[in-house]
Amino acid sequence: MTAVTAIPEAPPRAGLTIFALCLAVFIVPIGLSSAPVALPAIGHDLDAGVVPLQWVVNAYNVTAASFMMAAGSIADRIGRKRVFSFGVGLYGVSSLIAALAGNVIVLDVARGISGVAAAAIMTAGVSVIANMFQGAARTKAFAYVGVTIGAGLALGPTTSGLLVSGLGWRSVFSVQVVIAAASLVGFKLVRESKDPDANAVDWPGTVTFTLGLFLFTLGIIEGPQWGWGSVTVLGLFISCVVFLGAFVVVERRRQKPMFDLTLFTEPRFLAVNLLATAVSFGFVGLMVLLPSYLVGANGLSGSQAGLTLLLLTAPVLAFPLVAGRLVRSGVSMRSILSSSLLLVAAGCAWLTVVHPGIGLLGLAGPLFMVGVGIGLIYGLMDGAAVSTVPPTKVGMASGMFNTIRLASEAVAVAGMVATLVSLVQGRVSDGLSRFSQGTDLSTRGVADSVTSGNVTGPAEQVPTGVRAEFTDFLRESYTQGFQVVLWCAAGICVVSALVLHRILTDRTVGPAEDAEAESSSKAGATV
């Protein structure tokens with residue numbers, strides 16, 4: 001009888017390895033969550049309007065989503081550790097450029113480069129973990145990744161607000177340079193792995209998808225200014241459909257597509273991507289919009305807005321581990337994820353009580369509820385996304401999942417901001433004539449300024465006698481638009497939770513399938 005050597009669930013010095021990986025992954029969520037709080041200061045310092053300011057956030061999301069697939073395929077082909085290290089180094093360089101930027105266009109370009117780096121970090125990082133850890137050790141490793149993402153999202157707004165108030169907005173990006181440099185030190189503990197059967201990078205698919213996503217995001221951002229029915233905006237959307245259609249044709253004709261569309265026939269994978277899309281509206285969009293509202297309508301400083309966001313983000317730091325414990329205790333993943341999404345919806349609906357002058361007590365309940373729901377989701381989402389494919393294909397699955405997640409974040413942020421601008425613009429147009437009294441104020445300019453968190457700027461341009469009333473009018477207009485956007489986010493989360501509960505099944509892996517997966521992982525890894 002031949003003896004069978006058991007494959008260890010975790011590599012030697014597993015704790016140090018996870019720490020090194022998580023420190024690098026940490027800069028991806030903090031890069032997303034720290035920027036929104038700095039936007040009012042960036043706009044004031046660089047004299048930027050709401051559209052270029054949006055691209056400080058959207059450039060990061062769009063490029064990260066667009067290059068996620070390419071990063072996954074490259075990682076499978078040339079080595080996950082190599083791509084991971086490259087991504088961290090590139091992130092550090094691009095953050096340094098952002099910190100030194102003299103105008104908003106340079107800053108937007110630097111953030112776009114950071115998005116490319118983030119794609120490499122997330123895709124290769126998840127692939128490394130999936131190949132280095134097995135069984136219960138993998139579940140725990142992904143739980144720590146969830147905690148890391150939660151920590152980045154939780155600490156980003158607060159540290160950003162403190163840094164902006166104390167050292168200026170450039171320090172926000174300088175800190176990211178330091179984190180990237182520090183994380184490179186522990187990479188000698190990370191084991192290299194690759195897929196020996198990986199196919200070449202699908203550049204036609206990458207280009208068509210990138211252009212399609214960019215045109216769609218640009219159309220949503222510029223819609224309020226150019227007009228939703230204008231030839232330019234309609235042309236952008238039509239071009240988007242053409243490029244995305246070309247992308248589907250390209251992928252279907254390839255023998256080994258980089259974006260395997262057949263994975264969407266797997267209900268679990270489809271469900272997890274739906275979940276990521278709902279989270280983009282219920283959490284990421286809220287995290288972008290809320291700081292500007294607190295600064296503009298409530299008159300808080302950047303540091304005060306960042307500290308207030310701890311009510312939202314602190315639970316995201318703690319609850320991923322709770323989700324892992326619930327699953328290990330036998331609670332259905334479907335129940336946890338769908339219930340958590342309903343918590344997010346309830347929190348967004350509750351937050352519609354927001355009004356100018358609202359205090360911490362009024363914000364605490366709804367923000368904490370959203371944070372708890374998101375924390376539970378983040379503890380399970382990444383692991384669920386890659387558990388539907390063999391270990392040698394986790395690069396593709398991770399790339400696809402993170403592509404959908406970041407693409408949905410870019411679209412959610414752009415859509416929610418565009419909706420808010422349109423609502424505020426409509427409200428302002430009804431009352432501007434009462435206050436402007438011959439001043440050179442445009443409806444679009446006032447709406448851009450208000451939704452960027454600068455209510456006092458337009459108010460200072462009207463006669464002194466009506467300035468206080470005009471300020472209150474702008475704050476009330478801002479609040480009404482924000483409330484409508486919150487109701488929309490809540491509705492999206494409710495519908496997504498119901499669909500998720502219906503199509504998500506808890507997958508049971510048998511011994512034979514588990515042994516096959518571990519064997520594939522061992523064959524695909526090279527030390």
# chains A, B, ... in the order shown; residues from 1 in each chain; ligands from 1
>>> residues_around(residues="stretch 25-40 of chain A", least_positions_apart="3", cutoff="8 Å", atoms="only C-alpha atoms", output="ChimeraX atom specification")
/A:21-22,43-44,53,56-57,60,118,121-122,125,145,148-161,164,169,172,176,179-180,287-289,291-292,302,305-306,452-454
>>> closest_residue(among="A:Thr210, A:Thr308, A:Ser340, A:Ser332", to="A:Leu361", atoms="only C-alpha atoms")
A:Thr308
>>> select_by_dssp(residues="stretch 312-397 of chain A", states="helix (DSSP H, G or I)", output="number ranges by chain")
A: 312-328, 333-353, 360-378, 381-386, 391-397
>>> atom_distance(atom1="atom CA of A:Leu498", atom2="atom CA of A:Val126")
28.2 Å
>>> atom_distance(atom1="atom CA of A:Tyr91", atom2="atom CA of A:Leu184")
11.5 Å
>>> residues_around(residues="A:Phe173", least_positions_apart="5", cutoff="10 Å", atoms="only C-alpha atoms", output="PyMOL selection string")
chain A and resi 31+34-35+92+94-100+111+160+163+178
>>> residues_around(residues="A:Pro315", least_positions_apart="5", cutoff="7 Å", atoms="only C-alpha atoms", output="PyMOL selection string")
chain A and resi 368+371-372+375
>>> write_last_selection(atoms="N, CA, C and O atoms", output="PDB file, in the first residue's frame")
ATOM      1  N   PHE A 368     -23.408  52.908  11.561  1.00  0.00           N
ATOM      2  CA  PHE A 368     -22.948  51.659  12.179  1.00  0.00           C
ATOM      3  C   PHE A 368     -23.634  50.454  11.542  1.00  0.00           C
ATOM      4  O   PHE A 368     -23.014  49.420  11.307  1.00  0.00           O
ATOM      5  N   GLY A 371     -22.021  49.749   8.256  1.00  0.00           N
ATOM      6  CA  GLY A 371     -20.684  49.203   8.482  1.00  0.00           C
ATOM      7  C   GLY A 371     -20.695  47.751   8.901  1.00  0.00           C
ATOM      8  O   GLY A 371     -19.855  46.955   8.454  1.00  0.00           O
ATOM      9  N   VAL A 372     -21.632  47.370   9.765  1.00  0.00           N
ATOM     10  CA  VAL A 372     -21.728  45.964  10.192  1.00  0.00           C
ATOM     11  C   VAL A 372     -22.043  45.070   8.999  1.00  0.00           C
ATOM     12  O   VAL A 372     -21.436  44.003   8.810  1.00  0.00           O
ATOM     13  N   GLY A 375     -18.981  44.795   6.784  1.00  0.00           N
ATOM     14  CA  GLY A 375     -17.934  43.992   7.415  1.00  0.00           C
ATOM     15  C   GLY A 375     -18.196  42.503   7.279  1.00  0.00           C
ATOM     16  O   GLY A 375     -17.282  41.716   7.000  1.00  0.00           O
TER      17      GLY A 375
END
>>> closest_residue(among="A:Gly235, A:Pro257, A:Gly285, A:Gly296", to="A:Leu406", atoms="only C-alpha atoms")
A:Gly285
>>> closest_residue(among="A:Tyr144, A:Trp55, A:Phe86, A:Phe473", to="A:Phe19", atoms="only C-alpha atoms")
A:Tyr144
>>> closest_residue(among="A:Ile358, A:Ala349, A:Ala414, A:Ile374", to="A:Phe319", atoms="only C-alpha atoms")
A:Ile374
>>> closest_residue(among="A:Pro320, A:Pro267, A:Pro458, A:Gly219", to="A:Phe142", atoms="only C-alpha atoms")
A:Pro320
>>> residues_around(residues="stretch 245-249 of chain A", least_positions_apart="6", cutoff="8 Å", atoms="only C-alpha atoms", output="number ranges by chain")
A: 204-205, 208-209
>>> atom_distance(atom1="atom CA of A:Val331", atom2="atom CA of A:Gly365")
25.6 Å
